[in-house]
Amino acid sequence: MEIKEKTRYNDIELEEFKGLILQKLESAKAELKDLSESGHNTNGTDDTGSVYKTMEDGSSTLLKESNSQLAGRQRKFIENLEMALLRIENKSYGICKVTGKLIPKERLMAVPHTTQSIEAKLKQYK
C-alpha cells in the first residue's frame with residue numbers, strides 16, 4: 001500500500017487556521033486604529049518657551065513619521081491576513097506558491113499569512 005503525500009489541508013484544519021487568522025486580524029485592526037489615533041493627538045503644552053516648542057515640534061514630527069511607517073506596515077499585514085482568508089475560502093491555503101508543496105502546519109501557526117515554505121524562502125536569499 002502506497003502512502004500518498006498530503007496535498008492540502010482538510011476543512012477542519014482550514015477552520016482552525018481561519019480562527020487564528022481572524023484573531024490576528026482583529027488585533028491588527030485594533031493596533032492600526034490606535035496608531036491612527038495617536039497620530040492625531042497633539043500635546044496641549046503652552047507656548048511659554050520657544051526653544052522647547054521647536055524641540056517639541058521636531059519630536060512630534062518624528063513621532064508622526066514613525067507612526068505613519070508603523071501604520072503602513074500594519075495595513076500591509078492586514079491585507080496579507082485578508083488574502084490568507086481568501087486562500088482558505090478557495091482551499092488553496094497552506095500550499096507554497098514556489099514549490100507547490102504543503103507548508104508545514106507549525107510554520108502556518110507562526111506566520112499564518114505566509115505563502116511560502118521555509119525551503120522556498122531560503123532560496124530567495126541565495
# chains A, B, ... in the order shown; residues from 1 in each chain; ligands from 1
$ select_by_dssp --residues "chain A" --states "alpha helix (DSSP H)" --output "PyMOL selection string"
chain A and resi 11-40+50-89+105-110+118-124
$ write_last_selection --atoms "C-alpha atoms" --output "mmCIF file, in the first residue's frame"
data_model
loop_
_atom_site.group_PDB
_atom_site.id
_atom_site.type_symbol
_atom_site.label_atom_id
_atom_site.label_comp_id
_atom_site.auth_asym_id
_atom_site.auth_seq_id
_atom_site.Cartn_x
_atom_site.Cartn_y
_atom_site.Cartn_z
ATOM 1 C CA ASP A 11 -11.742 21.597 6.126
ATOM 2 C CA ILE A 12 -11.285 21.133 9.892
ATOM 3 C CA GLU A 13 -7.662 22.275 9.687
ATOM 4 C CA LEU A 14 -8.646 25.200 7.461
ATOM 5 C CA GLU A 15 -11.224 26.291 10.059
ATOM 6 C CA GLU A 16 -8.520 26.167 12.732
ATOM 7 C CA PHE A 17 -6.264 28.405 10.621
ATOM 8 C CA LYS A 18 -9.209 30.693 9.895
ATOM 9 C CA GLY A 19 -9.836 31.166 13.617
ATOM 10 C CA LEU A 20 -6.187 32.044 14.198
ATOM 11 C CA ILE A 21 -6.150 34.493 11.287
ATOM 12 C CA LEU A 22 -9.382 36.163 12.412
ATOM 13 C CA GLN A 23 -7.881 36.694 15.891
ATOM 14 C CA LYS A 24 -4.716 38.195 14.407
ATOM 15 C CA LEU A 25 -6.809 40.350 12.067
ATOM 16 C CA GLU A 26 -8.900 41.742 14.915
ATOM 17 C CA SER A 27 -5.764 42.513 16.925
ATOM 18 C CA ALA A 28 -4.004 44.078 13.919
ATOM 19 C CA LYS A 29 -7.000 46.310 13.127
ATOM 20 C CA ALA A 30 -7.161 47.473 16.759
ATOM 21 C CA GLU A 31 -3.442 48.270 16.678
ATOM 22 C CA LEU A 32 -3.848 50.195 13.408
ATOM 23 C CA LYS A 33 -6.715 52.173 14.940
ATOM 24 C CA ASP A 34 -4.513 53.033 17.944
ATOM 25 C CA LEU A 35 -1.667 54.105 15.659
ATOM 26 C CA SER A 36 -4.021 56.268 13.602
ATOM 27 C CA GLU A 37 -5.490 57.911 16.680
ATOM 28 C CA SER A 38 -2.091 58.568 18.280
ATOM 29 C CA GLY A 39 -1.017 60.396 15.127
ATOM 30 C CA HIS A 40 -3.854 62.865 15.524
ATOM 31 C CA SER A 50 10.024 78.944 22.005
ATOM 32 C CA VAL A 51 13.138 76.715 22.270
ATOM 33 C CA TYR A 52 11.112 73.972 23.903
ATOM 34 C CA LYS A 53 8.342 74.468 21.362
ATOM 35 C CA THR A 54 10.816 73.940 18.497
ATOM 36 C CA MET A 55 12.168 70.783 20.118
ATOM 37 C CA GLU A 56 8.631 69.519 20.688
ATOM 38 C CA ASP A 57 7.716 70.203 17.063
ATOM 39 C CA GLY A 58 10.701 68.151 15.885
ATOM 40 C CA SER A 59 9.889 65.356 18.276
ATOM 41 C CA SER A 60 6.254 65.466 17.238
ATOM 42 C CA THR A 61 7.176 65.266 13.548
ATOM 43 C CA LEU A 62 9.477 62.302 14.187
ATOM 44 C CA LEU A 63 6.733 60.527 16.136
ATOM 45 C CA LYS A 64 4.194 61.155 13.352
ATOM 46 C CA GLU A 65 6.597 59.782 10.725
ATOM 47 C CA SER A 66 7.316 56.740 12.860
ATOM 48 C CA ASN A 67 3.603 56.134 13.442
ATOM 49 C CA SER A 68 2.952 56.545 9.733
ATOM 50 C CA GLN A 69 5.548 53.874 8.893
ATOM 51 C CA LEU A 70 4.164 51.524 11.532
ATOM 52 C CA ALA A 71 0.626 52.109 10.259
ATOM 53 C CA GLY A 72 1.756 51.324 6.709
ATOM 54 C CA ARG A 73 3.300 48.041 7.836
ATOM 55 C CA GLN A 74 0.175 47.239 9.818
ATOM 56 C CA ARG A 75 -2.051 47.893 6.781
ATOM 57 C CA LYS A 76 0.138 45.537 4.705
ATOM 58 C CA PHE A 77 -0.096 42.875 7.448
ATOM 59 C CA ILE A 78 -3.908 43.230 7.497
ATOM 60 C CA GLU A 79 -4.001 42.931 3.708
ATOM 61 C CA ASN A 80 -1.871 39.763 3.864
ATOM 62 C CA LEU A 81 -4.147 38.249 6.521
ATOM 63 C CA GLU A 82 -7.222 39.045 4.409
ATOM 64 C CA MET A 83 -5.581 37.384 1.402
ATOM 65 C CA ALA A 84 -4.913 34.319 3.573
ATOM 66 C CA LEU A 85 -8.632 34.180 4.386
ATOM 67 C CA LEU A 86 -9.389 34.172 0.652
ATOM 68 C CA ARG A 87 -6.964 31.279 0.162
ATOM 69 C CA ILE A 88 -8.793 29.404 2.916
ATOM 70 C CA GLU A 89 -12.105 30.014 1.145
ATOM 71 C CA LYS A 105 1.439 23.437 9.991
ATOM 72 C CA GLU A 106 3.990 24.773 12.522
ATOM 73 C CA ARG A 107 5.079 27.469 10.055
ATOM 74 C CA LEU A 108 1.491 28.456 9.305
ATOM 75 C CA MET A 109 0.686 28.700 13.015
ATOM 76 C CA ALA A 110 3.670 31.042 13.490
ATOM 77 C CA ILE A 118 10.915 27.835 4.593
ATOM 78 C CA GLU A 119 12.617 25.957 1.737
ATOM 79 C CA ALA A 120 11.299 28.453 -0.841
ATOM 80 C CA LYS A 121 12.004 31.457 1.418
ATOM 81 C CA LEU A 122 15.644 30.392 1.892
ATOM 82 C CA LYS A 123 16.119 30.037 -1.872
ATOM 83 C CA GLN A 124 15.203 33.734 -2.212
#
$ residues_around --residues "stretch 99-102 of chain A" --least-positions-apart "5" --cutoff "10 Å" --atoms "only C-alpha atoms" --output "JSON, numbers by chain"
{"A": [5, 6, 7, 8, 9, 92, 93, 94, 116, 117, 119, 120]}
$ decode --residues "stretch 11-26 of chain A" --atoms "all heavy atoms" --output "mmCIF file, in the first residue's frame"
data_model
loop_
_atom_site.group_PDB
_atom_site.id
_atom_site.type_symbol
_atom_site.label_atom_id
_atom_site.label_comp_id
_atom_site.auth_asym_id
_atom_site.auth_seq_id
_atom_site.Cartn_x
_atom_site.Cartn_y
_atom_site.Cartn_z
ATOM 1 N N ASP A 11 -10.852 20.498 5.714
ATOM 2 C CA ASP A 11 -11.742 21.597 6.126
ATOM 3 C C ASP A 11 -11.629 21.916 7.618
ATOM 4 O O ASP A 11 -11.712 23.079 8.009
ATOM 5 C CB ASP A 11 -13.195 21.267 5.761
ATOM 6 C CG ASP A 11 -13.421 21.284 4.254
ATOM 7 O OD1 ASP A 11 -12.540 21.787 3.516
ATOM 8 O OD2 ASP A 11 -14.471 20.799 3.796
ATOM 9 N N ILE A 12 -11.418 20.906 8.440
ATOM 10 C CA ILE A 12 -11.285 21.133 9.892
ATOM 11 C C ILE A 12 -10.016 21.932 10.173
ATOM 12 O O ILE A 12 -10.024 22.894 10.942
ATOM 13 C CB ILE A 12 -11.295 19.791 10.653
ATOM 14 C CG1 ILE A 12 -12.673 19.127 10.522
ATOM 15 C CG2 ILE A 12 -10.916 19.991 12.115
ATOM 16 C CD1 ILE A 12 -12.727 17.684 10.968
ATOM 17 N N GLU A 13 -8.933 21.548 9.517
ATOM 18 C CA GLU A 13 -7.662 22.275 9.687
ATOM 19 C C GLU A 13 -7.789 23.707 9.164
ATOM 20 O O GLU A 13 -7.292 24.655 9.788
ATOM 21 C CB GLU A 13 -6.530 21.545 8.955
ATOM 22 C CG GLU A 13 -6.167 20.212 9.597
ATOM 23 C CD GLU A 13 -5.285 19.354 8.710
ATOM 24 O OE1 GLU A 13 -5.573 19.240 7.492
ATOM 25 O OE2 GLU A 13 -4.317 18.789 9.240
ATOM 26 N N LEU A 14 -8.462 23.858 8.032
ATOM 27 C CA LEU A 14 -8.646 25.200 7.461
ATOM 28 C C LEU A 14 -9.450 26.095 8.411
ATOM 29 O O LEU A 14 -9.145 27.285 8.562
ATOM 30 C CB LEU A 14 -9.324 25.125 6.092
ATOM 31 C CG LEU A 14 -8.478 24.543 4.956
ATOM 32 C CD1 LEU A 14 -9.306 24.412 3.682
ATOM 33 C CD2 LEU A 14 -7.228 25.372 4.706
ATOM 34 N N GLU A 15 -10.434 25.520 9.076
ATOM 35 C CA GLU A 15 -11.224 26.291 10.059
ATOM 36 C C GLU A 15 -10.359 26.717 11.241
ATOM 37 O O GLU A 15 -10.500 27.818 11.769
ATOM 38 C CB GLU A 15 -12.422 25.470 10.553
ATOM 39 C CG GLU A 15 -13.611 25.496 9.616
ATOM 40 C CD GLU A 15 -14.152 26.897 9.346
ATOM 41 O OE1 GLU A 15 -14.364 27.686 10.287
ATOM 42 O OE2 GLU A 15 -14.371 27.209 8.157
ATOM 43 N N GLU A 16 -9.447 25.843 11.641
ATOM 44 C CA GLU A 16 -8.520 26.167 12.732
ATOM 45 C C GLU A 16 -7.628 27.354 12.335
ATOM 46 O O GLU A 16 -7.444 28.297 13.103
ATOM 47 C CB GLU A 16 -7.664 24.927 13.038
ATOM 48 C CG GLU A 16 -6.754 25.082 14.226
ATOM 49 C CD GLU A 16 -5.903 23.830 14.471
ATOM 50 O OE1 GLU A 16 -6.222 22.752 13.936
ATOM 51 O OE2 GLU A 16 -4.910 23.961 15.198
ATOM 52 N N PHE A 17 -7.091 27.300 11.118
ATOM 53 C CA PHE A 17 -6.264 28.405 10.621
ATOM 54 C C PHE A 17 -7.092 29.685 10.504
ATOM 55 O O PHE A 17 -6.618 30.775 10.835
ATOM 56 C CB PHE A 17 -5.660 28.067 9.256
ATOM 57 C CG PHE A 17 -4.577 27.025 9.301
ATOM 58 C CD1 PHE A 17 -4.659 25.887 8.517
ATOM 59 C CD2 PHE A 17 -3.458 27.182 10.110
ATOM 60 C CE1 PHE A 17 -3.660 24.926 8.528
ATOM 61 C CE2 PHE A 17 -2.447 26.226 10.138
ATOM 62 C CZ PHE A 17 -2.557 25.099 9.350
ATOM 63 N N LYS A 18 -8.328 29.533 10.058
ATOM 64 C CA LYS A 18 -9.209 30.693 9.895
ATOM 65 C C LYS A 18 -9.428 31.391 11.242
ATOM 66 O O LYS A 18 -9.384 32.621 11.326
ATOM 67 C CB LYS A 18 -10.550 30.255 9.291
ATOM 68 C CG LYS A 18 -11.496 31.399 8.997
ATOM 69 C CD LYS A 18 -12.770 30.880 8.334
ATOM 70 C CE LYS A 18 -13.703 32.005 7.993
ATOM 71 N NZ LYS A 18 -14.912 31.510 7.302
ATOM 72 N N GLY A 19 -9.655 30.601 12.279
ATOM 73 C CA GLY A 19 -9.836 31.166 13.617
ATOM 74 C C GLY A 19 -8.614 31.951 14.068
ATOM 75 O O GLY A 19 -8.720 33.062 14.599
ATOM 76 N N LEU A 20 -7.439 31.382 13.842
ATOM 77 C CA LEU A 20 -6.187 32.044 14.198
ATOM 78 C C LEU A 20 -6.029 33.355 13.426
ATOM 79 O O LEU A 20 -5.695 34.398 13.997
ATOM 80 C CB LEU A 20 -5.006 31.112 13.904
ATOM 81 C CG LEU A 20 -3.609 31.703 14.078
ATOM 82 C CD1 LEU A 20 -3.324 32.012 15.544
ATOM 83 C CD2 LEU A 20 -2.565 30.755 13.532
ATOM 84 N N ILE A 21 -6.291 33.304 12.133
ATOM 85 C CA ILE A 21 -6.150 34.493 11.287
ATOM 86 C C ILE A 21 -7.147 35.572 11.696
ATOM 87 O O ILE A 21 -6.801 36.757 11.767
ATOM 88 C CB ILE A 21 -6.297 34.123 9.795
ATOM 89 C CG1 ILE A 21 -5.087 33.283 9.364
ATOM 90 C CG2 ILE A 21 -6.436 35.365 8.926
ATOM 91 C CD1 ILE A 21 -5.232 32.621 8.017
ATOM 92 N N LEU A 22 -8.377 35.183 11.988
ATOM 93 C CA LEU A 22 -9.382 36.163 12.412
ATOM 94 C C LEU A 22 -8.973 36.856 13.716
ATOM 95 O O LEU A 22 -9.167 38.061 13.875
ATOM 96 C CB LEU A 22 -10.758 35.511 12.545
ATOM 97 C CG LEU A 22 -11.429 35.145 11.219
ATOM 98 C CD1 LEU A 22 -12.693 34.325 11.462
ATOM 99 C CD2 LEU A 22 -11.743 36.383 10.389
ATOM 100 N N GLN A 23 -8.384 36.096 14.643
ATOM 101 C CA GLN A 23 -7.881 36.694 15.891
ATOM 102 C C GLN A 23 -6.780 37.707 15.600
ATOM 103 O O GLN A 23 -6.779 38.812 16.126
ATOM 104 C CB GLN A 23 -7.304 35.616 16.820
ATOM 105 C CG GLN A 23 -8.317 34.807 17.563
ATOM 106 C CD GLN A 23 -7.632 33.745 18.431
ATOM 107 O OE1 GLN A 23 -6.563 33.233 18.109
ATOM 108 N NE2 GLN A 23 -8.265 33.412 19.542
ATOM 109 N N LYS A 24 -5.833 37.307 14.757
ATOM 110 C CA LYS A 24 -4.716 38.195 14.407
ATOM 111 C C LYS A 24 -5.229 39.432 13.666
ATOM 112 O O LYS A 24 -4.728 40.535 13.872
ATOM 113 C CB LYS A 24 -3.679 37.454 13.568
ATOM 114 C CG LYS A 24 -2.896 36.446 14.381
ATOM 115 C CD LYS A 24 -1.628 36.045 13.661
ATOM 116 C CE LYS A 24 -0.808 35.091 14.478
ATOM 117 N NZ LYS A 24 -0.019 35.710 15.515
ATOM 118 N N LEU A 25 -6.230 39.246 12.830
ATOM 119 C CA LEU A 25 -6.809 40.350 12.067
ATOM 120 C C LEU A 25 -7.473 41.361 12.994
ATOM 121 O O LEU A 25 -7.276 42.570 12.855
ATOM 122 C CB LEU A 25 -7.817 39.778 11.059
ATOM 123 C CG LEU A 25 -8.263 40.648 9.907
ATOM 124 C CD1 LEU A 25 -7.085 41.188 9.122
ATOM 125 C CD2 LEU A 25 -9.173 39.849 8.983
ATOM 126 N N GLU A 26 -8.233 40.868 13.945
ATOM 127 C CA GLU A 26 -8.900 41.742 14.915
ATOM 128 C C GLU A 26 -7.864 42.551 15.708
ATOM 129 O O GLU A 26 -7.991 43.765 15.871
ATOM 130 C CB GLU A 26 -9.757 40.892 15.862
ATOM 131 C CG GLU A 26 -10.591 41.701 16.830
ATOM 132 C CD GLU A 26 -11.437 40.807 17.727
ATOM 133 O OE1 GLU A 26 -11.888 39.738 17.277
ATOM 134 O OE2 GLU A 26 -11.643 41.195 18.888
#
